[in-house]
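Encoded as structure tokens, the structure appears first; notes follow it.
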Amino acid sequence: MSKLLFIQPTQYAITKDGLKKGLCKQKIIHLPGLVFPLLAAMTPDNWDIEIKLEVVDNIDYDQEADLIGIGSMGYAIYRGIEIASEFIKRGKTVIMGGYMTSMAYKKVLEYVDSVIIGDAEISYPLMLKEFEKTHKLQKIYNYPINNLKKLPVPKYELLINKPISNMLPVQAGRGCTHNCSFCSIACLYKGKYLSRPIDEVMRDINRIKELGFNRFYLIDDNIVSNPKYLEDLCREIEPLKMKWATQCDINLARKPDLLEKVVRAGAYMMSFGIEGISQEGLDKLNKSWLKVKDHEKLINILSNAGILVSGEMMVGTDGDTEETIRNTYEFLNKVKLPLPRFYILTPTPGTKLFDEYKKAKRLLTEDFSEYSGSKCVFKPENITSDKLTEMYWWINKKIFTLKSILKRTIFNVNFLKHPLNYIFAFFVNLHYRKYIKKGVPANIF
Ligand code: SF4
């Protein structure tokens with residue numbers, strides 16, 4: 001039997017001084033990824049599969065494996081390359097995939113035998129077949145898909161012996177109808193949104209239930225991309241009486257009927273790209289559909305409906321100044337955003353924003369290993385790059401003070417309606433606070 005080793009690398013924590021501060025490790029994985037259980041389900045039975053999630057597992061570079069597949073989520077791609085290089089040194093065959101590999105595949109190919117670009121549903125089985133026959137791989141497998149039908153049930157069994165929380169992932173859709181210039185999803189899917197057949201999504205949710213989990217994370221880049229699909233899916237989920245989380249654009253709050261159905265179906269936590277409070281900044285990132293003047297109203301609608309709002313925030317748009325960043329802190333306290341997470345705007349290679357900044361000579365470095373999301377790597381318009389990095393740490397420190405945490409969670413007006421949600425948010429904030437105090441960004445956990 002051949003052995004296939006899948007590795008999801010963790011990433012190095014980068015301190016505010018730009019130093020590597022060891023690998024990010026956790027005692028528990030709050031949301032395990034879906035990709036390896038899904039690929040495992042597409043693998044013929046003559047392969048023995050092992051999954052290593054570096055955030056909780058150690059990597060043994062001398063272990064036997066015929067083929068090694070490494071994922072790449074965001075900045076962890078650099079740790080992935082490091083791991084790949086160790087295995088290559090030992091004569092192993094290594095292939096990398098995932099969205100960061102897809103965006104920067106030329107760079108990755110300097111270190112590995114082969115890459116899969118974009119979706120793996122066609123590329124992966126083809127790659128395995130070729131490897132079984134010839135023990136050789138093409139340099140690049142790039143076979144886009146045009147639908148998400150007939151995906152197998154992910155092999156969740158490979159995850160459940162690991163220290164995971166009370167949630168497993170289920171895929172609903174991929175892609176997004178928006179085209180924000182900084183976004184890797186926009187770059188890969190170019191405004192396309194693909195959704196899985198509802199009966200297949202339900203089959204996977206039922207499998208999770210069978211395994212004893214009563215919560216799931218609906219993996220989707222923007223679940224409200226197709227409101228009718230979301231509505232139909234909620235109708236099927238509701239009778240299961242399960243709790244779930246997902247991510248989508250904040251305009252869900254403008255559709256009260258749909259929002260009600262989403263909450264009735266068990267959604268309790270959602271992540272929204274709120275980004276910032278400068279409309280000019282959003283407009284320049286092709287995100288003008290997001291209206292800063294409506295942020296407060298929409299966050300209130302979602303919170304009042306029973307959703308625990310997690311906000312993805314960034315600093316460093318062209319509308320940002322030292323003052324707007326200070327005002328962002330005031331704003332988040334005012335709207336009592338329970339779960340804020342900050343990044344520095346980063347022109348990820350492969351995105352429109354990267355091309356734009358490169359053309360305008362605004363990139364300070366093309367050493368992508370510096371593109372961690374916690375260091376400014378470009379020339380901002382209205383603040384210096386050093387000041388921007390300083391303000392990123394400033395806002396992180398301020399927003400995770402006990403005073404701010406308590407105000408946004410335990411003293412949130414919605415606390416009494418959904419106490420467990422806000423107690424959960426309180427502890428998540430404490431978790432972020434712990435890392436910020438050590439000088440490690442909270443956005444990586
Ligand atoms: S709405 Fe979100 S997922 Fe969609 S393109 Fe913009 S940033 Fe990307």
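Ordered as shown in the structure tokens, chains take letters A, B, and onward, while each chain numbers its residues from 1 and ligands are numbered from 1 in the order shown.
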Given only C-alpha atoms and all ligand atoms, how would the per-residue table for chain A near ligand 1 read, listing every residue at most 6 Å away with its closest atom pair and distance in Å to one decimal, sorted by chain and number, as a tab-separated table?
```
residue	atom	partner	partner_atom_place_in_ligand_line	distance
A:Cys176	CA	ligand 1	4 (Fe)	4.6
A:His178	CA	ligand 1	5 (S)	4.4
A:Asn179	CA	ligand 1	5 (S)	4.3
A:Cys180	CA	ligand 1	6 (Fe)	4.3
A:Cys183	CA	ligand 1	8 (Fe)	4.6
A:Ile185	CA	ligand 1	8 (Fe)	5.2
A:Ala186	CA	ligand 1	5 (S)	4.6
A:Asp221	CA	ligand 1	3 (S)	5.2
A:Asn222	CA	ligand 1	3 (S)	5.7
A:Asp249	CA	ligand 1	1 (S)	5.8
```
With N, CA and C atoms retained, export the selected residues as an mmCIF file, in the first residue's frame.
```
data_model
loop_
_atom_site.group_PDB
_atom_site.id
_atom_site.type_symbol
_atom_site.label_atom_id
_atom_site.label_comp_id
_atom_site.auth_asym_id
_atom_site.auth_seq_id
_atom_site.Cartn_x
_atom_site.Cartn_y
_atom_site.Cartn_z
ATOM 1 N N CYS A 176 -17.291 34.230 -4.973
ATOM 2 C CA CYS A 176 -18.057 35.376 -4.465
ATOM 3 C C CYS A 176 -18.388 36.261 -5.661
ATOM 4 N N HIS A 178 -18.644 39.437 -5.633
ATOM 5 C CA HIS A 178 -17.942 40.727 -5.588
ATOM 6 C C HIS A 178 -16.514 40.571 -6.100
ATOM 7 N N ASN A 179 -15.883 41.695 -6.344
ATOM 8 C CA ASN A 179 -14.524 41.663 -6.885
ATOM 9 C C ASN A 179 -13.615 42.652 -6.163
ATOM 10 N N CYS A 180 -13.515 42.520 -4.866
ATOM 11 C CA CYS A 180 -12.679 43.442 -4.090
ATOM 12 C C CYS A 180 -11.210 43.230 -4.500
ATOM 13 N N CYS A 183 -8.606 40.890 -2.664
ATOM 14 C CA CYS A 183 -9.082 39.584 -2.205
ATOM 15 C C CYS A 183 -8.616 38.435 -3.102
ATOM 16 N N ILE A 185 -9.951 35.490 -3.182
ATOM 17 C CA ILE A 185 -11.128 34.783 -3.722
ATOM 18 C C ILE A 185 -11.562 35.448 -5.025
ATOM 19 N N ALA A 186 -11.561 36.793 -5.030
ATOM 20 C CA ALA A 186 -11.929 37.522 -6.252
ATOM 21 C C ALA A 186 -10.955 37.181 -7.369
ATOM 22 N N ASP A 221 -17.305 31.205 0.773
ATOM 23 C CA ASP A 221 -16.613 32.499 0.752
ATOM 24 C C ASP A 221 -17.581 33.652 0.989
ATOM 25 N N ASN A 222 -18.815 33.485 0.571
ATOM 26 C CA ASN A 222 -19.832 34.507 0.828
ATOM 27 C C ASN A 222 -21.195 33.861 0.608
ATOM 28 N N ASP A 249 -21.286 38.525 3.319
ATOM 29 C CA ASP A 249 -21.190 39.984 3.341
ATOM 30 C C ASP A 249 -22.326 40.558 4.173
#
```
Quiz prompt | Contacts of Ser369 in chain A within 9 Å, only C-alpha atoms, excl. fewer than 3 positions in-chain, as a PyMOL selection string | solution = chain A and resi 75+77-78+366+372
Practice problem: With a distance cut-off of 12 Å and only C-alpha atoms, select the neighbouring residues of Leu53 in chain A, excluding the residue or stretch itself and same-chain residues fewer than 6 positions from it, and output the selection as a ChimeraX atom specification. | Solution: /A:5-11,24-29,31-37,59,70-72,76,80,158-159,161-164
Quiz item: Hey, what does DSSP flag as alpha helix (DSSP H) within range 198-262 of chain A? Can you give it to me as an NGL selection string?
Solution: :A and (198-210 or 227-237 or 256-262)
Create the file for the chosen residues now, containing C-alpha atoms and written as a compact mmCIF listing (two decimals), in the first residue's frame.
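The result, stored in result.txt:
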```txt
# COMPACT_ATOMS: atom_id res chain seq x y z
CA ILE A 198 -28.42 21.13 -1.32
CA ASP A 199 -29.02 17.39 -0.89
CA GLU A 200 -25.24 16.80 -0.93
CA VAL A 201 -24.61 19.54 1.64
CA MET A 202 -27.31 18.01 3.83
CA ARG A 203 -25.78 14.55 3.42
CA ASP A 204 -22.51 15.91 4.87
CA ILE A 205 -24.25 17.78 7.71
CA ASN A 206 -26.08 14.57 8.61
CA ARG A 207 -22.77 12.72 8.62
CA ILE A 208 -21.41 15.25 11.11
CA LYS A 209 -24.48 14.73 13.26
CA GLU A 210 -24.01 10.95 13.08
CA PRO A 227 -29.84 34.44 -1.47
CA LYS A 228 -32.32 31.91 -2.89
CA TYR A 229 -29.79 29.11 -2.39
CA LEU A 230 -29.19 30.22 1.20
CA GLU A 231 -32.92 30.34 1.86
CA ASP A 232 -33.46 26.82 0.44
CA LEU A 233 -30.51 25.48 2.41
CA CYS A 234 -31.80 27.02 5.66
CA ARG A 235 -35.17 25.37 5.12
CA GLU A 236 -33.44 21.98 5.07
CA ILE A 237 -31.10 22.69 7.98
CA PRO A 256 -34.79 40.80 7.03
CA ASP A 257 -36.80 37.77 5.84
CA LEU A 258 -33.69 35.86 4.86
CA LEU A 259 -31.90 36.85 8.07
CA GLU A 260 -34.82 35.52 10.11
CA LYS A 261 -34.66 32.20 8.27
CA VAL A 262 -30.90 31.99 8.74
```
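The spacing separating CA of Ala253 in chain A from CA of Thr177 in chain A amounts to 17.2 Å.
Note that the spacing between CA of Lys106 in chain A and CA of Ala120 in chain A amounts to 17.7 Å.
Taking only C-alpha atoms into account, Asn146 in chain A lies nearest to A:Glu121 out of the set A:Asp66, A:Glu121, A:Glu132, A:Glu330.
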Quiz item: Which polymer residues have any atom within 6 Å of an atom of Phe216 in chain A, counting only C-alpha atoms, with same-chain residues fewer than 6 positions away left out, as JSON, numbers by chain?
Solution: {"A": [167, 168, 169, 244]}
How would the residues just picked look written out with N, CA and C atoms as a tab-separated table (two decimals), in the first residue's frame?
```
chain	number	residue	atom	x	y	z
A	167	MET	N	-16.94	21.47	16.59
A	167	MET	CA	-17.44	21.84	15.26
A	167	MET	C	-16.68	21.16	14.15
A	168	LEU	N	-17.37	20.74	13.10
A	168	LEU	CA	-16.68	20.24	11.90
A	168	LEU	C	-17.13	21.09	10.70
A	169	PRO	N	-16.31	21.13	9.65
A	169	PRO	CA	-16.66	21.97	8.50
A	169	PRO	C	-17.49	21.23	7.43
A	244	TRP	N	-24.76	26.56	13.83
A	244	TRP	CA	-23.72	26.69	12.81
A	244	TRP	C	-23.24	28.13	12.66
```
Write out as CSV the residues of range 220-260 of chain A that have any atom within 10 Å of an atom of range 308-313 of chain A, one row each with the nearest atom pair and its distance in Å to one decimal, counting only C-alpha atoms, sorted by chain and then rising number.
```
residue,atom,partner,partner_atom,distance
A:Ala245,CA,A:Leu308,CA,9.2
A:Gln247,CA,A:Ser310,CA,8.9
A:Ile250,CA,A:Gly311,CA,9.6
```
Once you have the residues from the selection above, write them out as a tab-separated table (two decimals), in the first residue's frame, restricted to C-alpha atoms.
```
chain	number	residue	atom	x	y	z
A	245	ALA	CA	-21.45	29.52	11.81
A	247	GLN	CA	-19.09	34.01	6.71
A	250	ILE	CA	-22.94	42.30	5.74
```
Exercise: range 414-423 of chain A partners within 9 Å, only C-alpha atoms, chain neighbours under 3 positions left out, as an mmCIF file with C-alpha atoms, in the first residue's frame:
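result08.cif was written with the following content:
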```
data_model
loop_
_atom_site.group_PDB
_atom_site.id
_atom_site.type_symbol
_atom_site.label_atom_id
_atom_site.label_comp_id
_atom_site.auth_asym_id
_atom_site.auth_seq_id
_atom_site.Cartn_x
_atom_site.Cartn_y
_atom_site.Cartn_z
ATOM 1 C CA TYR A 268 -25.344 31.832 15.695
ATOM 2 C CA MET A 269 -22.037 33.341 14.594
ATOM 3 C CA SER A 303 -26.837 41.438 16.614
ATOM 4 C CA ASN A 304 -30.493 42.037 17.498
ATOM 5 C CA GLY A 306 -29.240 36.819 17.397
ATOM 6 C CA ILE A 307 -26.046 36.665 15.350
ATOM 7 C CA LEU A 308 -22.724 36.977 17.118
ATOM 8 C CA PRO A 338 -18.101 41.336 19.960
ATOM 9 C CA ARG A 408 -18.375 44.616 23.742
ATOM 10 C CA THR A 409 -19.357 41.253 25.268
ATOM 11 C CA ILE A 410 -20.695 40.964 28.823
ATOM 12 C CA PHE A 411 -22.129 44.512 28.824
ATOM 13 C CA PHE A 426 -15.695 37.126 26.027
ATOM 14 C CA PHE A 427 -13.352 34.112 26.208
ATOM 15 C CA VAL A 428 -12.337 34.403 22.558
#
```
Quiz item: A:Val224, A:Ala265, A:Ala104, A:Leu126: which is nearest Pro349 in chain A, counting only C-alpha atoms?
Solution: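 Closest residue, counting only C-alpha atoms: A:Ala104.
Between CA of Gly118 in chain A and CA of Asn142 in chain A there is a distance of 6.8 Å.
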Quiz prompt | DSSP strand (DSSP E) residues within range 104-169 of chain A, listed as a ChimeraX atom specification | solution = /A:114-116,140-141,167-169
Quiz item: From the list A:Glu356, A:Glu381, A:Glu82, A:Glu370, which residue is nearest Glu280 in chain A when using only C-alpha atoms?
Solution: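 Of A:Glu356, A:Glu381, A:Glu82, A:Glu370, the one nearest Glu280 in chain A is A:Glu381, counting only C-alpha atoms.
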Quiz prompt | Residue contacts of Asp113 in chain A (7 Å, only C-alpha atoms) excluding same-chain residues fewer than 4 positions away, as a PyMOL selection string | solution = chain A and resi 93-95+109+139
Quiz prompt | Top pick for closest residue to Met100 in chain A, considering A:Trp289, A:Tyr371, A:Tyr432, A:Phe131 and counting only C-alpha atoms | solution = A:Tyr371
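Across A:Thr317, A:Gln138, A:Thr101, A:Thr43, the tightest approach to Pro125 in chain A is made by A:Thr43 when counting only C-alpha atoms.
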Quiz prompt | Selection: 9 Å around Asn147 in chain A, only C-alpha atoms, excl. self and same-chain fewer than 2 positions, as an NGL selection string | solution = :A and (145 or 149 or 194-196)
